[in-house]
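Some notes on the structure that comes next.
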Amino acid sequence: MLGFLSTLQPADAGTGLYLIAPTVILILCVAGGVGTFLLLPGRKQSPRLGALLLIIAGLIFGLILFRTVVGQASSDTGPYFWIFSAIAVVGAIRVITHSRPVYSALYFVLTVFATAGLFILMYAEFIAAALVLIYAGAILITYVFVIMLAASAQTVGDRSPLAGLAECDIQSREPFTAACVGFALMGVLLFVIFDKAERLAQFNFTPPAAGLSADELVHGSTQSIGQYLFQNQMVNFELAGLILTVSMVGAIVIARRKVADINQRFEPSIETISANATPVNDDPRSIPVYGTTNPKQKSFPQT
Amino acid sequence: MQLLALQHYLAIGAILFVIGLIGFITRRNMIVIFLCTELMFQGVIINLVAFSRYTNNLAGQAFVIFILVIAASEASLALGLVILLFRTKNTLDADAWRELKW
(Lines give C-alpha, C1' and ligand atoms only; values in the text may rest on other atoms or scores of the structure.)
Protein backbone atom coordinates (compact mmCIF):
# COMPACT_ATOMS: atom_id res chain seq x y z
CA MET A 1 0.00 0.00 0.00
CA LEU A 2 2.76 2.40 0.87
CA GLY A 3 4.62 1.50 -2.26
CA PHE A 4 1.46 2.26 -4.16
CA LEU A 5 1.31 5.62 -2.45
CA SER A 6 4.89 6.40 -3.25
CA THR A 7 3.99 6.45 -6.93
CA LEU A 8 1.77 9.39 -6.16
CA GLN A 9 4.58 11.77 -5.48
CA PRO A 10 4.14 15.23 -6.87
CA ALA A 11 5.09 14.96 -10.46
CA ASP A 12 6.59 18.38 -10.62
CA ALA A 13 7.38 19.54 -7.14
CA GLY A 14 9.49 22.38 -8.36
CA THR A 15 6.56 24.23 -9.86
CA GLY A 16 4.30 23.67 -6.89
CA LEU A 17 1.84 21.79 -9.06
CA TYR A 18 0.66 18.53 -7.59
CA LEU A 19 -0.82 15.76 -9.60
CA ILE A 20 -2.90 12.84 -8.44
CA ALA A 21 -3.74 10.06 -10.82
CA PRO A 22 -7.38 9.93 -11.94
CA THR A 23 -7.76 6.29 -10.94
CA VAL A 24 -6.85 7.13 -7.35
CA ILE A 25 -9.40 9.93 -7.31
CA LEU A 26 -11.97 7.54 -8.75
CA ILE A 27 -11.29 4.84 -6.15
CA LEU A 28 -11.42 7.32 -3.30
CA CYS A 29 -14.65 8.84 -4.57
CA VAL A 30 -16.31 5.43 -4.91
CA ALA A 31 -15.28 4.53 -1.36
CA GLY A 32 -16.50 7.86 -0.07
CA GLY A 33 -19.79 7.52 -1.93
CA VAL A 34 -20.47 4.05 -0.54
CA GLY A 35 -19.56 5.24 2.93
CA THR A 36 -21.84 8.25 2.73
CA PHE A 37 -24.64 6.08 1.38
CA LEU A 38 -24.30 3.76 4.34
CA LEU A 39 -24.09 6.64 6.78
CA LEU A 40 -27.17 8.54 5.62
CA PRO A 41 -30.19 8.10 7.88
CA GLY A 42 -32.27 5.13 6.95
CA ARG A 43 -33.57 1.96 8.47
CA LYS A 44 -31.55 -0.58 6.55
CA GLN A 45 -28.19 1.15 6.58
CA SER A 46 -25.18 0.10 8.56
CA PRO A 47 -23.52 3.26 9.83
CA ARG A 48 -20.44 1.64 11.33
CA LEU A 49 -19.26 0.22 8.04
CA GLY A 50 -19.96 3.51 6.31
CA ALA A 51 -18.02 5.47 8.90
CA LEU A 52 -15.12 3.05 8.57
CA LEU A 53 -15.11 3.42 4.78
CA LEU A 54 -15.26 7.20 4.99
CA ILE A 55 -12.47 7.36 7.54
CA ILE A 56 -10.25 5.12 5.44
CA ALA A 57 -10.93 7.12 2.26
CA GLY A 58 -10.34 10.40 4.06
CA LEU A 59 -7.12 9.15 5.62
CA ILE A 60 -5.77 7.96 2.30
CA PHE A 61 -6.70 11.23 0.62
CA GLY A 62 -5.13 13.20 3.44
CA LEU A 63 -2.01 11.07 3.24
CA ILE A 64 -1.71 11.70 -0.49
CA LEU A 65 -2.13 15.41 0.06
CA PHE A 66 0.31 15.30 2.94
CA ARG A 67 2.99 13.65 0.86
CA THR A 68 2.91 16.61 -1.47
CA VAL A 69 4.04 18.97 1.26
CA VAL A 70 6.43 16.66 3.04
CA GLY A 71 9.10 17.29 0.46
CA GLN A 72 8.97 21.03 0.92
CA ALA A 73 11.39 22.79 3.17
CA SER A 74 8.94 24.19 5.70
CA SER A 75 5.26 24.83 5.72
CA ASP A 76 4.26 27.96 7.56
CA THR A 77 0.95 26.55 8.68
CA GLY A 78 2.30 23.54 10.51
CA PRO A 79 -0.22 20.86 11.38
CA TYR A 80 -3.08 23.32 11.70
CA PHE A 81 -4.29 23.01 8.14
CA TRP A 82 -4.74 19.26 8.50
CA ILE A 83 -6.46 19.54 11.86
CA PHE A 84 -8.85 22.25 10.74
CA SER A 85 -9.76 20.58 7.48
CA ALA A 86 -10.32 17.23 9.17
CA ILE A 87 -12.63 18.87 11.70
CA ALA A 88 -14.47 20.72 8.93
CA VAL A 89 -15.04 17.61 6.82
CA VAL A 90 -16.06 15.40 9.73
CA GLY A 91 -18.43 18.09 10.99
CA ALA A 92 -19.94 18.48 7.53
CA ILE A 93 -20.51 14.74 7.21
CA ARG A 94 -22.15 14.67 10.61
CA VAL A 95 -24.39 17.58 9.58
CA ILE A 96 -25.90 15.57 6.76
CA THR A 97 -25.91 12.20 8.49
CA HIS A 98 -27.20 13.01 11.96
CA SER A 99 -30.90 12.36 12.25
CA ARG A 100 -31.59 14.98 14.90
CA PRO A 101 -31.71 18.52 13.46
CA VAL A 102 -30.36 20.13 16.64
CA TYR A 103 -27.22 18.05 16.45
CA SER A 104 -26.93 18.86 12.75
CA ALA A 105 -26.95 22.56 13.61
CA LEU A 106 -24.36 22.08 16.35
CA TYR A 107 -22.06 20.12 14.05
CA PHE A 108 -22.46 22.90 11.53
CA VAL A 109 -21.15 25.31 14.18
CA LEU A 110 -18.12 23.02 14.44
CA THR A 111 -17.62 23.23 10.69
CA VAL A 112 -17.90 27.02 10.81
CA PHE A 113 -15.25 27.26 13.51
CA ALA A 114 -12.89 24.99 11.58
CA THR A 115 -13.44 27.06 8.44
CA ALA A 116 -12.66 30.21 10.39
CA GLY A 117 -9.44 28.54 11.47
CA LEU A 118 -8.59 27.84 7.83
CA PHE A 119 -9.20 31.52 7.05
CA ILE A 120 -6.83 32.59 9.77
CA LEU A 121 -4.21 30.35 8.16
CA MET A 122 -4.82 32.31 4.96
CA TYR A 123 -4.35 35.65 6.74
CA ALA A 124 -8.01 36.52 6.26
CA GLU A 125 -8.67 37.17 9.91
CA PHE A 126 -11.44 39.68 9.31
CA ILE A 127 -13.36 37.11 7.31
CA ALA A 128 -12.74 34.57 10.04
CA ALA A 129 -14.11 36.91 12.71
CA ALA A 130 -17.09 37.84 10.56
CA LEU A 131 -17.77 34.17 9.90
CA VAL A 132 -17.78 33.29 13.59
CA LEU A 133 -19.89 36.31 14.48
CA ILE A 134 -22.45 36.02 11.70
CA TYR A 135 -22.63 32.30 11.08
CA ALA A 136 -21.99 30.77 14.47
CA GLY A 137 -23.41 33.71 16.39
CA ALA A 138 -26.43 34.84 14.44
CA ILE A 139 -27.53 32.44 11.72
CA LEU A 140 -27.05 29.22 13.64
CA ILE A 141 -28.81 30.63 16.70
CA THR A 142 -31.75 31.42 14.45
CA TYR A 143 -31.65 27.88 13.12
CA VAL A 144 -31.62 26.38 16.60
CA PHE A 145 -34.54 28.58 17.63
CA VAL A 146 -36.56 27.52 14.61
CA ILE A 147 -35.75 23.86 15.25
CA MET A 148 -36.99 24.24 18.80
CA LEU A 149 -40.12 26.09 17.67
CA ALA A 150 -40.97 23.40 15.19
CA ALA A 151 -40.07 20.46 17.39
CA SER A 152 -42.53 17.65 17.66
CA ALA A 153 -43.64 16.42 21.03
CA GLN A 154 -40.86 14.42 22.62
CA THR A 155 -41.83 11.21 24.28
CA VAL A 156 -40.44 11.45 27.77
CA GLY A 157 -38.45 8.53 29.05
CA ASP A 158 -37.95 6.80 25.75
CA ARG A 159 -34.20 6.28 25.43
CA SER A 160 -34.09 4.62 22.05
CA PRO A 161 -31.97 6.49 19.50
CA LEU A 162 -34.87 7.32 17.23
CA ALA A 163 -37.27 8.42 19.96
CA GLY A 164 -39.37 11.43 19.18
CA LEU A 165 -38.13 11.76 15.64
CA ALA A 166 -40.42 12.46 12.75
CA GLU A 167 -40.53 10.15 9.78
CA CYS A 168 -38.80 12.74 7.61
CA ASP A 169 -35.74 12.68 9.87
CA ILE A 170 -35.44 8.91 10.07
CA GLN A 171 -35.67 7.98 6.42
CA SER A 172 -33.64 9.92 3.88
CA ARG A 173 -34.74 10.42 0.31
CA GLU A 174 -32.87 8.70 -2.52
CA PRO A 175 -29.58 8.23 -0.67
CA PHE A 176 -28.05 6.04 -3.35
CA THR A 177 -28.74 8.41 -6.24
CA ALA A 178 -27.61 11.39 -4.21
CA ALA A 179 -24.37 9.72 -3.17
CA CYS A 180 -23.67 8.71 -6.78
CA VAL A 181 -24.35 12.19 -8.15
CA GLY A 182 -22.51 13.96 -5.37
CA PHE A 183 -19.38 11.88 -5.47
CA ALA A 184 -19.32 11.91 -9.26
CA LEU A 185 -19.28 15.70 -8.96
CA MET A 186 -16.58 15.49 -6.33
CA GLY A 187 -14.51 13.23 -8.55
CA VAL A 188 -14.77 15.66 -11.44
CA LEU A 189 -13.87 18.61 -9.22
CA LEU A 190 -10.86 16.86 -7.72
CA PHE A 191 -9.82 15.72 -11.17
CA VAL A 192 -9.90 19.31 -12.38
CA ILE A 193 -8.05 20.49 -9.31
CA PHE A 194 -5.36 17.84 -9.21
CA ASP A 195 -4.94 16.42 -12.66
CA LYS A 196 -5.84 19.12 -15.14
CA ALA A 197 -4.47 21.96 -13.10
CA GLU A 198 -1.94 23.56 -15.39
CA ARG A 199 -3.60 26.91 -15.04
CA LEU A 200 -3.58 26.67 -11.28
CA ALA A 201 0.18 26.52 -11.34
CA GLN A 202 0.55 30.18 -12.14
CA PHE A 203 -0.97 31.01 -8.78
CA ASN A 204 1.51 28.78 -7.06
CA PHE A 205 4.46 30.19 -8.91
CA THR A 206 4.13 33.49 -7.16
CA PRO A 207 3.63 33.14 -3.46
CA PRO A 208 1.13 35.73 -2.30
CA ALA A 209 2.55 39.05 -1.36
CA ALA A 210 6.06 37.82 -1.76
CA GLY A 211 7.55 41.04 -0.58
CA LEU A 212 5.55 41.21 2.61
CA SER A 213 6.36 39.53 5.87
CA ALA A 214 3.74 37.70 7.85
CA ASP A 215 3.39 40.59 10.30
CA GLU A 216 2.63 43.05 7.55
CA LEU A 217 0.09 40.66 6.08
CA VAL A 218 -1.67 40.15 9.37
CA HIS A 219 -1.78 43.77 10.36
CA GLY A 220 -2.70 45.09 6.95
CA SER A 221 -5.46 42.73 5.99
CA THR A 222 -8.48 44.21 7.75
CA GLN A 223 -7.49 47.74 6.93
CA SER A 224 -6.99 46.96 3.28
CA ILE A 225 -10.34 45.15 3.07
CA GLY A 226 -12.03 48.22 4.50
CA GLN A 227 -10.28 50.48 2.04
CA TYR A 228 -11.13 48.17 -0.82
CA LEU A 229 -14.78 48.00 0.21
CA PHE A 230 -15.24 51.71 0.57
CA GLN A 231 -13.23 52.69 -2.47
CA ASN A 232 -14.21 50.10 -5.04
CA GLN A 233 -17.45 48.54 -3.81
CA MET A 234 -19.31 51.48 -2.35
CA VAL A 235 -22.58 50.94 -4.24
CA ASN A 236 -22.54 47.23 -3.47
CA PHE A 237 -21.96 47.98 0.17
CA GLU A 238 -25.04 50.24 0.31
CA LEU A 239 -27.05 47.64 -1.61
CA ALA A 240 -26.06 45.03 0.96
CA GLY A 241 -27.52 47.19 3.71
CA LEU A 242 -30.69 47.64 1.68
CA ILE A 243 -30.98 43.88 1.13
CA LEU A 244 -30.61 43.25 4.84
CA THR A 245 -33.37 45.75 5.67
CA VAL A 246 -35.72 44.37 3.03
CA SER A 247 -35.15 40.79 4.12
CA MET A 248 -35.76 41.71 7.75
CA VAL A 249 -39.09 43.30 6.87
CA GLY A 250 -39.94 40.36 4.64
CA ALA A 251 -39.13 37.81 7.31
CA ILE A 252 -41.36 39.60 9.82
CA VAL A 253 -44.22 39.82 7.32
CA ILE A 254 -43.90 36.16 6.32
CA ALA A 255 -43.60 34.76 9.82
CA ARG A 256 -46.46 36.84 11.23
CA ARG A 257 -48.95 35.88 8.56
CA LYS A 258 -52.06 34.27 9.91
CA VAL A 259 -52.42 30.70 8.79
CA ALA A 260 -55.94 29.59 7.97
CA ASP A 261 -57.03 26.23 9.20
CA ILE A 262 -56.44 23.87 6.35
CA ASN A 263 -59.71 22.01 6.96
CA GLN A 264 -61.83 25.08 6.41
CA ARG A 265 -59.93 26.67 3.60
CA PHE A 266 -61.50 24.84 0.69
CA GLU A 267 -65.10 24.88 1.79
CA PRO A 268 -67.20 26.18 -1.06
CA SER A 269 -68.85 29.49 -0.48
CA ILE A 270 -72.49 30.23 -1.17
CA GLU A 271 -71.77 31.74 -4.55
CA THR A 272 -70.11 28.62 -5.82
CA ILE A 273 -72.02 27.00 -8.62
CA SER A 274 -72.35 23.35 -7.93
CA ALA A 275 -72.73 21.02 -10.83
CA ASN A 276 -75.84 19.24 -9.78
CA ALA A 277 -78.11 22.19 -9.27
CA THR A 278 -77.80 23.47 -12.79
CA PRO A 279 -80.29 22.09 -15.23
CA VAL A 280 -78.98 21.42 -18.66
CA ASN A 281 -80.57 23.37 -21.40
CA ASP A 282 -79.45 24.21 -24.86
CA ASP A 283 -80.07 27.90 -25.00
CA PRO A 284 -77.46 29.08 -27.51
CA ARG A 285 -77.20 32.55 -25.99
CA SER A 286 -76.16 31.42 -22.57
CA ILE A 287 -72.50 31.28 -21.62
CA PRO A 288 -70.89 27.94 -20.87
CA VAL A 289 -69.33 27.49 -17.49
CA TYR A 290 -65.70 26.56 -17.42
CA GLY A 291 -64.18 24.34 -14.83
CA THR A 292 -67.01 21.93 -14.35
CA THR A 293 -67.29 18.37 -15.49
CA ASN A 294 -70.64 18.95 -17.08
CA PRO A 295 -69.97 19.96 -20.66
CA LYS A 296 -73.43 21.31 -21.29
CA GLN A 297 -73.69 23.40 -18.17
CA LYS A 298 -74.61 27.03 -18.65
CA SER A 299 -73.97 29.87 -16.29
CA PHE A 300 -77.39 31.50 -16.52
CA PRO A 301 -79.85 28.71 -17.02
CA GLN A 302 -83.20 29.81 -18.28
CA THR A 303 -85.30 27.99 -15.75
CA MET B 1 7.83 31.62 3.35
CA GLN B 2 6.60 28.35 1.98
CA LEU B 3 2.90 27.93 1.68
CA LEU B 4 0.54 25.10 1.17
CA ALA B 5 -0.55 24.83 -2.40
CA LEU B 6 -3.76 26.43 -3.51
CA GLN B 7 -4.99 22.99 -4.44
CA HIS B 8 -5.26 21.91 -0.82
CA TYR B 9 -7.75 24.63 -0.03
CA LEU B 10 -9.62 24.06 -3.28
CA ALA B 11 -9.95 20.38 -2.40
CA ILE B 12 -11.40 21.17 1.01
CA GLY B 13 -13.82 23.62 -0.57
CA ALA B 14 -14.92 21.06 -3.15
CA ILE B 15 -15.43 18.39 -0.49
CA LEU B 16 -17.55 20.68 1.68
CA PHE B 17 -19.62 21.77 -1.31
CA VAL B 18 -20.31 18.20 -2.41
CA ILE B 19 -21.23 17.08 1.11
CA GLY B 20 -23.67 19.97 1.32
CA LEU B 21 -25.10 19.01 -2.06
CA ILE B 22 -25.66 15.40 -1.00
CA GLY B 23 -27.36 16.57 2.16
CA PHE B 24 -29.52 18.97 0.17
CA ILE B 25 -30.75 16.13 -2.02
CA THR B 26 -31.23 13.46 0.60
CA ARG B 27 -32.52 15.15 3.72
CA ARG B 28 -36.26 15.65 4.03
CA ASN B 29 -36.39 18.00 6.99
CA MET B 30 -36.75 21.51 5.60
CA ILE B 31 -34.52 23.07 8.24
CA VAL B 32 -31.72 20.61 7.52
CA ILE B 33 -32.11 21.31 3.81
CA PHE B 34 -31.40 24.99 4.42
CA LEU B 35 -28.55 24.03 6.73
CA CYS B 36 -27.04 22.13 3.83
CA THR B 37 -27.20 25.23 1.63
CA GLU B 38 -25.17 27.00 4.29
CA LEU B 39 -22.70 24.11 4.09
CA MET B 40 -22.40 24.68 0.35
CA PHE B 41 -21.79 28.37 1.09
CA GLN B 42 -18.87 27.33 3.28
CA GLY B 43 -17.25 25.46 0.41
CA VAL B 44 -17.67 28.41 -1.93
CA ILE B 45 -16.30 30.82 0.66
CA ILE B 46 -13.19 28.71 1.17
CA ASN B 47 -12.60 28.76 -2.58
CA LEU B 48 -13.01 32.53 -2.74
CA VAL B 49 -10.69 33.26 0.16
CA ALA B 50 -8.07 30.83 -1.16
CA PHE B 51 -8.05 32.47 -4.57
CA SER B 52 -8.00 35.90 -2.96
CA ARG B 53 -5.00 34.84 -0.92
CA TYR B 54 -3.08 33.23 -3.71
CA THR B 55 -3.62 35.97 -6.25
CA ASN B 56 -3.15 38.70 -3.65
CA ASN B 57 -6.41 40.28 -4.72
CA LEU B 58 -8.86 41.60 -2.18
CA ALA B 59 -11.94 41.21 -4.36
CA GLY B 60 -12.42 37.65 -3.15
CA GLN B 61 -12.56 38.62 0.50
CA ALA B 62 -14.90 41.53 -0.23
CA PHE B 63 -17.12 39.11 -2.11
CA VAL B 64 -17.16 36.83 0.91
CA ILE B 65 -18.56 39.69 2.96
CA PHE B 66 -21.38 40.10 0.46
CA ILE B 67 -21.97 36.36 0.54
CA LEU B 68 -22.35 36.60 4.31
CA VAL B 69 -24.94 39.36 3.83
CA ILE B 70 -26.89 37.27 1.35
CA ALA B 71 -26.63 34.20 3.57
CA ALA B 72 -27.97 36.08 6.56
CA SER B 73 -30.94 37.50 4.67
CA GLU B 74 -31.58 34.16 2.98
CA ALA B 75 -31.55 32.40 6.33
CA SER B 76 -34.01 34.82 7.89
CA LEU B 77 -36.41 34.64 4.94
CA ALA B 78 -36.13 30.89 4.59
CA LEU B 79 -36.67 30.24 8.26
CA GLY B 80 -39.71 32.55 8.25
CA LEU B 81 -41.07 30.51 5.36
CA VAL B 82 -40.30 27.27 7.18
CA ILE B 83 -42.22 28.46 10.23
CA LEU B 84 -45.15 29.44 8.01
CA LEU B 85 -45.15 26.06 6.27
CA PHE B 86 -44.82 24.24 9.58
CA ARG B 87 -47.83 26.06 11.01
CA THR B 88 -49.86 25.22 7.93
CA LYS B 89 -49.29 21.47 7.78
CA ASN B 90 -47.76 20.80 11.19
CA THR B 91 -44.83 18.92 9.77
CA LEU B 92 -41.32 19.76 8.62
CA ASP B 93 -41.30 17.13 5.92
CA ALA B 94 -40.53 18.66 2.54
CA ASP B 95 -42.48 15.84 0.89
CA ALA B 96 -45.66 17.18 2.47
CA TRP B 97 -45.51 19.95 -0.13
CA ARG B 98 -45.19 17.58 -3.03
CA GLU B 99 -48.04 19.25 -4.88
CA LEU B 100 -45.85 22.31 -5.41
CA LYS B 101 -43.96 20.29 -8.01
CA TRP B 102 -46.72 20.57 -10.54
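Here, A, B, ... name the chains of the C-alpha coordinates in the order displayed, residue numbers run from 1 inside each chain, and ligands are numbered from 1 in the same displayed order.
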
Distance query Ala71 (chain B) at most 9 Å, only C-alpha atoms, self and fewer than 5 positions along chain excluded, as an mmCIF file with N, CA and C atoms, in the first residue's frame:
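Below you can see result.cif, which holds the result:
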```cif
data_model
loop_
_atom_site.group_PDB
_atom_site.id
_atom_site.type_symbol
_atom_site.label_atom_id
_atom_site.label_comp_id
_atom_site.auth_asym_id
_atom_site.auth_seq_id
_atom_site.Cartn_x
_atom_site.Cartn_y
_atom_site.Cartn_z
ATOM 1 N N TYR A 135 -22.119 33.661 11.230
ATOM 2 C CA TYR A 135 -22.632 32.297 11.076
ATOM 3 C C TYR A 135 -22.890 31.633 12.429
ATOM 4 N N ILE A 139 -26.715 33.300 12.579
ATOM 5 C CA ILE A 139 -27.533 32.445 11.717
ATOM 6 C C ILE A 139 -27.849 31.125 12.408
ATOM 7 N N GLU B 38 -26.226 26.252 3.604
ATOM 8 C CA GLU B 38 -25.168 26.998 4.291
ATOM 9 C C GLU B 38 -23.838 26.248 4.194
ATOM 10 N N PHE B 41 -22.387 27.033 0.998
ATOM 11 C CA PHE B 41 -21.790 28.371 1.087
ATOM 12 C C PHE B 41 -20.381 28.294 1.659
ATOM 13 N N PHE B 66 -20.055 40.020 1.062
ATOM 14 C CA PHE B 66 -21.380 40.101 0.458
ATOM 15 C C PHE B 66 -22.101 38.768 0.531
ATOM 16 N N SER B 76 -32.853 34.269 7.186
ATOM 17 C CA SER B 76 -34.014 34.822 7.885
ATOM 18 C C SER B 76 -35.292 34.596 7.082
#
```

When you get a sec, could you note down which chain A residues fall within 6 Å of chain B, using only C-alpha atoms, as a VMD selection string? chain A and resid 75 96 168 172 to 175 178 182 203 208 244 247 251 254 to 255

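Summary of the local environment: counting only C-alpha atoms, residues at most 7 Å from region 97-108 of chain A, other than itself and those fewer than 3 positions away along its chain, are Leu39, Leu40, Pro41, Gly91, Ala92, Ile93, Arg94, Thr111, Val112, Leu140, Val144, Ile147, Asp169 and Ile170 of chain A; Val32 of chain B.
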
So which residues touch Gly32 (chain A) within 6 Å, counting only C-alpha atoms, skipping near sequence neighbours fewer than 3 positions away, as an NGL selection string? :A and (29 or 35 or 54)

What's the separation between CA of Val109 (chain A) and CA of Cys180 (chain A), in Å to one decimal place?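 Answer for the CA of Val109 (chain A) to CA of Cys180 (chain A) separation: 26.9 Å.
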